[in-house]
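Peer 1: Below is the structure I would like to discuss, written out as structure tokens.
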Amino acid sequence: MAVKLLLVLIRNDLGIAFKNKSFFLILFIPLFVFGSLYLSDGIDAGASKLKIGLIQQAAYVPAITQSITASSALIEAVWVRDEKQGVQLLKEHSLDALLTLDDKASDGLVLVVLKEYSLKTLSIVQLFSAMQKTAQGDRTDWITHIQSLHQGGVQRETLPTWILMLVLLVGFVILPAQVAEEKEKKLLLALLQTPIHEMQWLLAKVALGMILIFSGVLLLHLLSRFPPPHLGDYLTFVIAGSFCFSAYGVLLGFLCRTQASARTLGMIFYLPHLLPSALSDVSHQLSAVAPFLPSYWLYGPLQATLLEDGRLVDSLYDWIYLVLLGVLMLWASYALMKRRWLM
Amino acid sequence: MLLEIHNLAKRYDCHRGLAPISLSVGSGELIAIVGHNGAGKSTLLKLLASWMPPDEGSMLIEGIDSRHRSAVVKKIGFIPEVPNLFEFFSVEYNLTLFASLLNTPLHRVETLLGEFKLTSHRKTKVQALSKGLKQRVSIARALLANPSVLLLDEPTSGLDFETTRDIYLLLGAMHRAGKTIIFTSHRPEEIKGLATRILLLHEGNLAFDGSTQDYFQSAPHAQLYAWQ
């Protein structure tokens, strides 16, 4: 009898988990992680090759170019017009590194990379060291200096990822649950018994999201003791990003009847927006997928502004995209609110 | 007329919620809407309170179309069956918040706390209150803007005999003070001595509209509540 009751309760709990979509979340996470790993591992042999940029006019030591050509299974040489074009391709993740001549050491090379402290940089240095030893024996390493486009240490390099995580956490986890709670407990309907306009309520929720994001971002900068290089440009981007994802979160909340559903739906949006963008630095395939996600339109400019001395004018289209997407989300929420959707 | 309803109707996904209904409510009436569960009582009140948009029909409050939400919102106070208060906050906070949103002077909060015997509970969080006290706070909140019409959905649902009597005494006192009140109940015998007019809803249709005295002698009442 006791076992039967237990089974009845378990069936009931599973029914609830199915109803509030927690069950789908459990299925979704492994599927998503598997998909991401498939992309970042690079099953395609071509994708696992290191793309090394070489400058057309530079007088590389013949042994270097011969070694690179001989290692075509591991390295793909990409000839660029000049250093400027190489840096641009590096920033676009079309190259893994760029080799320039070191003015201070004859036959020496400068390895230009996005991040100095990364597994990719380490593997490039090891590979070139091995090629040099094979070609020339115990002479000095070809790579005499590493130049990182991202300035600062690991803390600073990972800052855009933490900021993106914070923005998405507020947008996809905190706000949808809060909106759904107010709907579920009929608090929103109580507020609409007052002369407030629907848009005022929506803007208040978006403002809450933006305040939470700004508080978190401020604390991150205080703890990492890293002031943004161009404060005005940076703030303009954080305002656009926090507005966009707060409005996005409010809409997700509106699509759900209960808090439990909102939490599940939020998580389903959170991971796919976070991981491809945050991992795009380490994978060619993810960097190809990431631009299709709104989160990348915030992550890319954040990275450029914080680490690559980028300015607002360089990412103006991203800024406009984020603002327009935020406005669209806000308008959709307003339309649902007017219809008292799932209220 | 204080309230004029023309062919107000609402359909739910698979069954009819409320068939088109037309009626008028005069100032100072105390109307009980009775009927079995699913008859459409709550749907009618929610439509009157603009909690949901009607599928068809319209409603005028003091001559103003209810679709002009900002113009009519202070004219109607709605108390749902389950009090929708901010549970984590105190009684006083809940009333003060809505007083601010309704642009009502804050001394009105003090007056209502006193009138509804809530002064000793003013700092208590709503979640710690009994259901009867929550209902009092809910009614006090609905009265903040001094609305012309007060709508109460099953105001005594789940309350014990004592608290039910207190709520009905409160409704009677508000009615004597000149307030127009419309409330729902699925127990007509309880409201015999209270309502001045009764609307009987049955399967979404208005089956009776008349005085309390006439209602209890009517055929629809006899058919629907024969066992009582």
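Chain lettering (A, B, ...) mirrors the order of the structure tokens, residue numbering begins at 1 for each chain separately, and ligand numbering begins at 1 in order of display.
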Enumerate as a ChimeraX atom specification the residues belonging to chain A that approach chain B to within 6 Å, with only C-alpha atoms taken into account.

Peer 2: /A:186-187,193-195

Peer 1: For the selection you just gave me, I'd like the residues written to a file as an mmCIF file, in the first residue's frame, keeping C-alpha atoms.

Peer 2:
data_model
loop_
_atom_site.group_PDB
_atom_site.id
_atom_site.type_symbol
_atom_site.label_atom_id
_atom_site.label_comp_id
_atom_site.auth_asym_id
_atom_site.auth_seq_id
_atom_site.Cartn_x
_atom_site.Cartn_y
_atom_site.Cartn_z
ATOM 1 C CA LYS A 186 -2.860 38.611 -9.893
ATOM 2 C CA LEU A 187 -0.714 41.445 -8.543
ATOM 3 C CA GLN A 193 -6.882 48.760 -11.108
ATOM 4 C CA THR A 194 -5.024 52.045 -10.670
ATOM 5 C CA PRO A 195 -4.540 54.758 -13.314
#

Peer 1: Which neighbours of range 123-134 of chain A fall inside 12 Å, counting only C-alpha atoms, when residues of the same chain fewer than 5 positions from it are skipped, and could you give them as a ChimeraX atom specification?

Peer 2: /A:48-52,61-71,74-75,96-99,107-113,116-118,139-146

Peer 1: Which residues are near Arg197 in chain B? Cut-off 6 Å, only C-alpha atoms, ignore same chain within fewer than 5 positions. Put them as a list of chain:residue names.

Peer 2: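 Non-adjacent residues within range: B:Ile31, B:Gly210, B:Ser211, B:Thr212.
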
Peer 1: Restricting the calculation to only C-alpha atoms: of B:Arg122, B:His221, B:Lys117, B:His15, which residue gets closest to Leu170 in chain B?

Peer 2: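 Nearest candidate to Leu170 in chain B out of B:Arg122, B:His221, B:Lys117, B:His15: B:Lys117.
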
Peer 1: Skipping near chain neighbours, those fewer than 5 positions away, what residues fall within 8 Å of Leu3 in chain B using only C-alpha atoms, listed as a list in words?

Peer 2: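 The filter keeps Ser24, Val25, Gly26, Met59, Leu60, Ile61, Glu62 and Gly63 of chain B.
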
Peer 1: Would you mind exporting N, CA and C atoms of the selected residues as a PDB file, in the first residue's frame?

Peer 2:
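Dumped everything to again.pdb:
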ATOM      1  N   SER B  24     -28.872  47.180 -16.155  1.00  0.00           N
ATOM      2  CA  SER B  24     -28.497  48.496 -15.622  1.00  0.00           C
ATOM      3  C   SER B  24     -28.455  48.412 -14.101  1.00  0.00           C
ATOM      4  N   VAL B  25     -27.560  49.187 -13.529  1.00  0.00           N
ATOM      5  CA  VAL B  25     -27.437  49.223 -12.063  1.00  0.00           C
ATOM      6  C   VAL B  25     -27.565  50.664 -11.623  1.00  0.00           C
ATOM      7  N   GLY B  26     -28.491  50.890 -10.677  1.00  0.00           N
ATOM      8  CA  GLY B  26     -28.675  52.244 -10.180  1.00  0.00           C
ATOM      9  C   GLY B  26     -27.800  52.508  -8.973  1.00  0.00           C
ATOM     10  N   MET B  59     -19.785  48.536 -21.849  1.00  0.00           N
ATOM     11  CA  MET B  59     -20.239  48.896 -20.512  1.00  0.00           C
ATOM     12  C   MET B  59     -19.960  50.373 -20.275  1.00  0.00           C
ATOM     13  N   LEU B  60     -20.944  51.046 -19.719  1.00  0.00           N
ATOM     14  CA  LEU B  60     -20.766  52.461 -19.385  1.00  0.00           C
ATOM     15  C   LEU B  60     -20.789  52.610 -17.870  1.00  0.00           C
ATOM     16  N   ILE B  61     -19.828  53.346 -17.347  1.00  0.00           N
ATOM     17  CA  ILE B  61     -19.802  53.639 -15.917  1.00  0.00           C
ATOM     18  C   ILE B  61     -19.959  55.148 -15.766  1.00  0.00           C
ATOM     19  N   GLU B  62     -21.036  55.541 -15.147  1.00  0.00           N
ATOM     20  CA  GLU B  62     -21.391  56.972 -15.048  1.00  0.00           C
ATOM     21  C   GLU B  62     -21.309  57.624 -16.430  1.00  0.00           C
ATOM     22  N   GLY B  63     -21.744  56.887 -17.438  1.00  0.00           N
ATOM     23  CA  GLY B  63     -21.800  57.418 -18.802  1.00  0.00           C
ATOM     24  C   GLY B  63     -20.493  57.331 -19.570  1.00  0.00           C
TER      25      GLY B  63
END

Peer 1: Restricting the calculation to only C-alpha atoms, which member of A:Ser242, A:Gln57, A:Thr158, A:Ser148 is positioned closest to Leu322 in chain A?

Peer 2: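 The closest residue to Leu322 in chain A is A:Ser242.
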
Peer 1: Find the spatial neighbours of Arg187 in chain B, counting only C-alpha atoms, within a cut-off of 9 Å - ignore same-chain residues fewer than 2 positions away - and output them as an MDAnalysis selection string.

Peer 2: chainID B and resid 34:36 185 189:191

Peer 1: For N, CA, C and O atoms, I'd like the residues from the last selection saved as a PDB file, in the first residue's frame.

Peer 2:
ATOM      1  N   VAL B  34     -25.991  35.324  -7.908  1.00  0.00           N
ATOM      2  CA  VAL B  34     -25.932  33.953  -7.413  1.00  0.00           C
ATOM      3  C   VAL B  34     -25.932  32.973  -8.590  1.00  0.00           C
ATOM      4  O   VAL B  34     -26.258  33.344  -9.720  1.00  0.00           O
ATOM      5  N   GLY B  35     -25.609  31.752  -8.273  1.00  0.00           N
ATOM      6  CA  GLY B  35     -25.553  30.715  -9.312  1.00  0.00           C
ATOM      7  C   GLY B  35     -24.566  29.644  -8.896  1.00  0.00           C
ATOM      8  O   GLY B  35     -23.726  29.879  -8.016  1.00  0.00           O
ATOM      9  N   HIS B  36     -24.671  28.501  -9.556  1.00  0.00           N
ATOM     10  CA  HIS B  36     -23.761  27.398  -9.216  1.00  0.00           C
ATOM     11  C   HIS B  36     -22.352  27.706  -9.741  1.00  0.00           C
ATOM     12  O   HIS B  36     -22.153  28.661 -10.491  1.00  0.00           O
ATOM     13  N   SER B 185     -22.166  35.123  -4.848  1.00  0.00           N
ATOM     14  CA  SER B 185     -22.273  34.104  -3.793  1.00  0.00           C
ATOM     15  C   SER B 185     -22.890  32.865  -4.419  1.00  0.00           C
ATOM     16  O   SER B 185     -23.701  32.959  -5.336  1.00  0.00           O
ATOM     17  N   GLU B 189     -29.147  31.582   0.359  1.00  0.00           N
ATOM     18  CA  GLU B 189     -29.792  31.717   1.679  1.00  0.00           C
ATOM     19  C   GLU B 189     -29.008  32.668   2.585  1.00  0.00           C
ATOM     20  O   GLU B 189     -29.589  33.353   3.417  1.00  0.00           O
ATOM     21  N   GLU B 190     -27.688  32.691   2.395  1.00  0.00           N
ATOM     22  CA  GLU B 190     -26.836  33.527   3.253  1.00  0.00           C
ATOM     23  C   GLU B 190     -27.092  35.015   3.071  1.00  0.00           C
ATOM     24  O   GLU B 190     -26.884  35.807   3.986  1.00  0.00           O
ATOM     25  N   ILE B 191     -27.522  35.396   1.862  1.00  0.00           N
ATOM     26  CA  ILE B 191     -27.589  36.822   1.561  1.00  0.00           C
ATOM     27  C   ILE B 191     -29.041  37.339   1.512  1.00  0.00           C
ATOM     28  O   ILE B 191     -29.293  38.436   1.056  1.00  0.00           O
TER      29      ILE B 191
END

Peer 1: In Å, rounded to a single decimal, give me how far CA of Ile174 in chain A is from CA of Trp331 in chain A.

Peer 2: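 So the answer is 20.1 Å.
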
Peer 1: Write out as a VMD selection string all residues of range 34-113 of chain B that DSSP puts in alpha helix (DSSP H) for this structure's backbone.

Peer 2: chain B and resid 41 to 48 69 to 72 91 to 101 107 to 113

Peer 1: Fewer than 3 positions away in the same chain doesn't count, so skip those; otherwise give me all residues within 9 Å of Lys205 in chain A, counting only C-alpha atoms, as an mmCIF file with all heavy atoms, in the first residue's frame.

Peer 2:
data_model
loop_
_atom_site.group_PDB
_atom_site.id
_atom_site.type_symbol
_atom_site.label_atom_id
_atom_site.label_comp_id
_atom_site.auth_asym_id
_atom_site.auth_seq_id
_atom_site.Cartn_x
_atom_site.Cartn_y
_atom_site.Cartn_z
ATOM 1 N N LEU A 175 14.115 38.362 -14.390
ATOM 2 C CA LEU A 175 12.938 39.136 -14.820
ATOM 3 C C LEU A 175 11.740 38.267 -15.247
ATOM 4 O O LEU A 175 10.619 38.553 -14.835
ATOM 5 C CB LEU A 175 13.320 40.108 -15.940
ATOM 6 C CG LEU A 175 13.964 41.409 -15.469
ATOM 7 C CD1 LEU A 175 14.298 42.288 -16.655
ATOM 8 C CD2 LEU A 175 13.086 42.161 -14.505
ATOM 9 N N GLN A 178 9.952 37.089 -12.193
ATOM 10 C CA GLN A 178 9.254 38.157 -11.458
ATOM 11 C C GLN A 178 7.965 38.586 -12.179
ATOM 12 O O GLN A 178 6.924 38.795 -11.552
ATOM 13 C CB GLN A 178 10.176 39.352 -11.272
ATOM 14 C CG GLN A 178 9.530 40.391 -10.370
ATOM 15 C CD GLN A 178 10.526 41.261 -9.654
ATOM 16 O OE1 GLN A 178 11.709 40.950 -9.614
ATOM 17 N NE2 GLN A 178 10.066 42.356 -9.100
ATOM 18 N N VAL A 179 8.054 38.702 -13.496
ATOM 19 C CA VAL A 179 6.863 39.091 -14.268
ATOM 20 C C VAL A 179 5.776 38.014 -14.131
ATOM 21 O O VAL A 179 4.604 38.316 -13.874
ATOM 22 C CB VAL A 179 7.230 39.316 -15.755
ATOM 23 C CG1 VAL A 179 5.985 39.463 -16.616
ATOM 24 C CG2 VAL A 179 8.115 40.549 -15.901
ATOM 25 N N GLN A 200 3.843 52.064 -18.505
ATOM 26 C CA GLN A 200 4.578 52.485 -17.300
ATOM 27 C C GLN A 200 5.037 51.253 -16.509
ATOM 28 O O GLN A 200 6.159 51.204 -16.012
ATOM 29 C CB GLN A 200 3.682 53.368 -16.416
ATOM 30 C CG GLN A 200 3.492 54.754 -16.967
ATOM 31 C CD GLN A 200 2.506 55.543 -16.140
ATOM 32 O OE1 GLN A 200 1.417 55.069 -15.816
ATOM 33 N NE2 GLN A 200 2.870 56.754 -15.798
ATOM 34 N N TRP A 201 4.129 50.286 -16.398
ATOM 35 C CA TRP A 201 4.484 49.063 -15.675
ATOM 36 C C TRP A 201 5.634 48.346 -16.389
ATOM 37 O O TRP A 201 6.587 47.897 -15.755
ATOM 38 C CB TRP A 201 3.258 48.147 -15.570
ATOM 39 C CG TRP A 201 3.506 46.932 -14.739
ATOM 40 C CD1 TRP A 201 3.352 46.805 -13.392
ATOM 41 C CD2 TRP A 201 3.978 45.657 -15.202
ATOM 42 N NE1 TRP A 201 3.690 45.533 -12.999
ATOM 43 C CE2 TRP A 201 4.070 44.814 -14.082
ATOM 44 C CE3 TRP A 201 4.314 45.149 -16.456
ATOM 45 C CZ2 TRP A 201 4.497 43.491 -14.173
ATOM 46 C CZ3 TRP A 201 4.752 43.838 -16.548
ATOM 47 C CH2 TRP A 201 4.840 43.017 -15.407
ATOM 48 N N LEU A 202 5.543 48.268 -17.704
ATOM 49 C CA LEU A 202 6.588 47.594 -18.486
ATOM 50 C C LEU A 202 7.933 48.308 -18.337
ATOM 51 O O LEU A 202 8.971 47.677 -18.130
ATOM 52 C CB LEU A 202 6.196 47.541 -19.966
ATOM 53 C CG LEU A 202 5.092 46.549 -20.330
ATOM 54 C CD1 LEU A 202 4.632 46.778 -21.756
ATOM 55 C CD2 LEU A 202 5.587 45.120 -20.177
ATOM 56 N N LEU A 208 14.047 48.114 -13.711
ATOM 57 C CA LEU A 208 14.536 47.231 -12.640
ATOM 58 C C LEU A 208 15.679 46.359 -13.174
ATOM 59 O O LEU A 208 16.736 46.250 -12.540
ATOM 60 C CB LEU A 208 13.387 46.344 -12.128
ATOM 61 C CG LEU A 208 13.812 45.142 -11.285
ATOM 62 C CD1 LEU A 208 14.239 45.598 -9.901
ATOM 63 C CD2 LEU A 208 12.695 44.119 -11.177
ATOM 64 N N GLY A 209 15.435 45.763 -14.350
ATOM 65 C CA GLY A 209 16.472 44.921 -14.956
ATOM 66 C C GLY A 209 17.756 45.707 -15.197
ATOM 67 O O GLY A 209 18.852 45.233 -14.894
ATOM 68 N N MET A 210 17.617 46.915 -15.717
ATOM 69 C CA MET A 210 18.798 47.725 -16.032
ATOM 70 C C MET A 210 19.550 48.114 -14.753
ATOM 71 O O MET A 210 20.784 48.111 -14.728
ATOM 72 C CB MET A 210 18.377 48.973 -16.820
ATOM 73 C CG MET A 210 17.879 48.632 -18.212
ATOM 74 S SD MET A 210 17.244 50.031 -19.125
ATOM 75 C CE MET A 210 18.758 50.889 -19.567
ATOM 76 N N SER A 246 16.637 43.197 -20.836
ATOM 77 C CA SER A 246 15.575 43.354 -19.825
ATOM 78 C C SER A 246 14.217 43.274 -20.509
ATOM 79 O O SER A 246 13.298 42.602 -20.019
ATOM 80 C CB SER A 246 15.719 44.689 -19.089
ATOM 81 O OG SER A 246 16.930 44.726 -18.398
ATOM 82 N N ALA A 247 14.083 43.952 -21.662
ATOM 83 C CA ALA A 247 12.820 43.911 -22.401
ATOM 84 C C ALA A 247 12.545 42.482 -22.889
ATOM 85 O O ALA A 247 11.401 42.010 -22.849
ATOM 86 C CB ALA A 247 12.883 44.869 -23.588
ATOM 87 N N VAL A 250 11.222 40.496 -19.958
ATOM 88 C CA VAL A 250 9.828 40.836 -19.633
ATOM 89 C C VAL A 250 8.894 40.096 -20.593
ATOM 90 O O VAL A 250 7.863 39.543 -20.181
ATOM 91 C CB VAL A 250 9.616 42.368 -19.698
ATOM 92 C CG1 VAL A 250 8.142 42.717 -19.578
ATOM 93 C CG2 VAL A 250 10.408 43.061 -18.597
#

Peer 1: Out of range 120-173 of chain B, which residues get strand (DSSP E or B) from DSSP, as a PyMOL selection string?

Peer 2: chain B and resi 125+149-152

Peer 1: Next, the residues of the selection above should be written as a PDB file, in the first residue's frame with C-alpha atoms.

Peer 2:
ATOM      1  CA  LYS B 125       3.250  41.350   6.843  1.00  0.00           C
ATOM      2  CA  VAL B 149     -19.127  50.746  -7.361  1.00  0.00           C
ATOM      3  CA  LEU B 150     -17.603  47.999  -5.269  1.00  0.00           C
ATOM      4  CA  LEU B 151     -17.350  44.510  -6.792  1.00  0.00           C
ATOM      5  CA  LEU B 152     -16.679  41.515  -4.546  1.00  0.00           C
TER       6      LEU B 152
END

Peer 1: Quote the spacing between CA of Asn12 in chain A and CA of Ile29 in chain A in Å to one decimal place.

Peer 2: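 Straight-line distance from CA of Asn12 in chain A to CA of Ile29 in chain A works out to 23.2 Å.
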
Peer 1: Do a neighbour search on range 257-264 of chain A at 6 Å with only C-alpha atoms, toss out local chain neighbours closer than 6 positions, and write the hits as a PDB file with N, CA, C and O atoms, in the first residue's frame.

Peer 2:
ATOM      1  N   ASN A  20       4.921  22.115 -15.708  1.00  0.00           N
ATOM      2  CA  ASN A  20       5.658  23.387 -15.617  1.00  0.00           C
ATOM      3  C   ASN A  20       6.952  23.353 -16.450  1.00  0.00           C
ATOM      4  O   ASN A  20       7.791  24.248 -16.312  1.00  0.00           O
ATOM      5  N   SER A  22       9.651  21.652 -16.417  1.00  0.00           N
ATOM      6  CA  SER A  22      10.967  21.325 -15.853  1.00  0.00           C
ATOM      7  C   SER A  22      11.536  20.094 -16.554  1.00  0.00           C
ATOM      8  O   SER A  22      12.739  19.962 -16.730  1.00  0.00           O
ATOM      9  N   PRO A 176      11.945  37.215 -16.065  1.00  0.00           N
ATOM     10  CA  PRO A 176      10.759  36.420 -16.433  1.00  0.00           C
ATOM     11  C   PRO A 176      10.039  35.854 -15.216  1.00  0.00           C
ATOM     12  O   PRO A 176       8.815  35.851 -15.154  1.00  0.00           O
ATOM     13  N   ALA A 177      10.813  35.404 -14.218  1.00  0.00           N
ATOM     14  CA  ALA A 177      10.184  34.830 -13.018  1.00  0.00           C
ATOM     15  C   ALA A 177       9.387  35.896 -12.268  1.00  0.00           C
ATOM     16  O   ALA A 177       8.280  35.643 -11.791  1.00  0.00           O
ATOM     17  N   ALA A 180       6.209  36.753 -14.280  1.00  0.00           N
ATOM     18  CA  ALA A 180       5.233  35.653 -14.191  1.00  0.00           C
ATOM     19  C   ALA A 180       4.621  35.578 -12.788  1.00  0.00           C
ATOM     20  O   ALA A 180       3.439  35.267 -12.646  1.00  0.00           O
ATOM     21  N   GLU A 181       5.428  35.879 -11.760  1.00  0.00           N
ATOM     22  CA  GLU A 181       4.897  35.857 -10.387  1.00  0.00           C
ATOM     23  C   GLU A 181       3.788  36.896 -10.220  1.00  0.00           C
ATOM     24  O   GLU A 181       2.739  36.632  -9.647  1.00  0.00           O
ATOM     25  N   GLU A 184       0.834  35.518 -12.012  1.00  0.00           N
ATOM     26  CA  GLU A 184       0.262  34.339 -11.341  1.00  0.00           C
ATOM     27  C   GLU A 184      -0.519  34.736 -10.091  1.00  0.00           C
ATOM     28  O   GLU A 184      -1.593  34.206  -9.832  1.00  0.00           O
ATOM     29  N   LEU A 342      -2.706  35.380 -20.795  1.00  0.00           N
ATOM     30  CA  LEU A 342      -2.463  34.416 -19.712  1.00  0.00           C
ATOM     31  C   LEU A 342      -2.545  35.059 -18.328  1.00  0.00           C
ATOM     32  O   LEU A 342      -1.817  34.702 -17.409  1.00  0.00           O
TER      33      LEU A 342
END
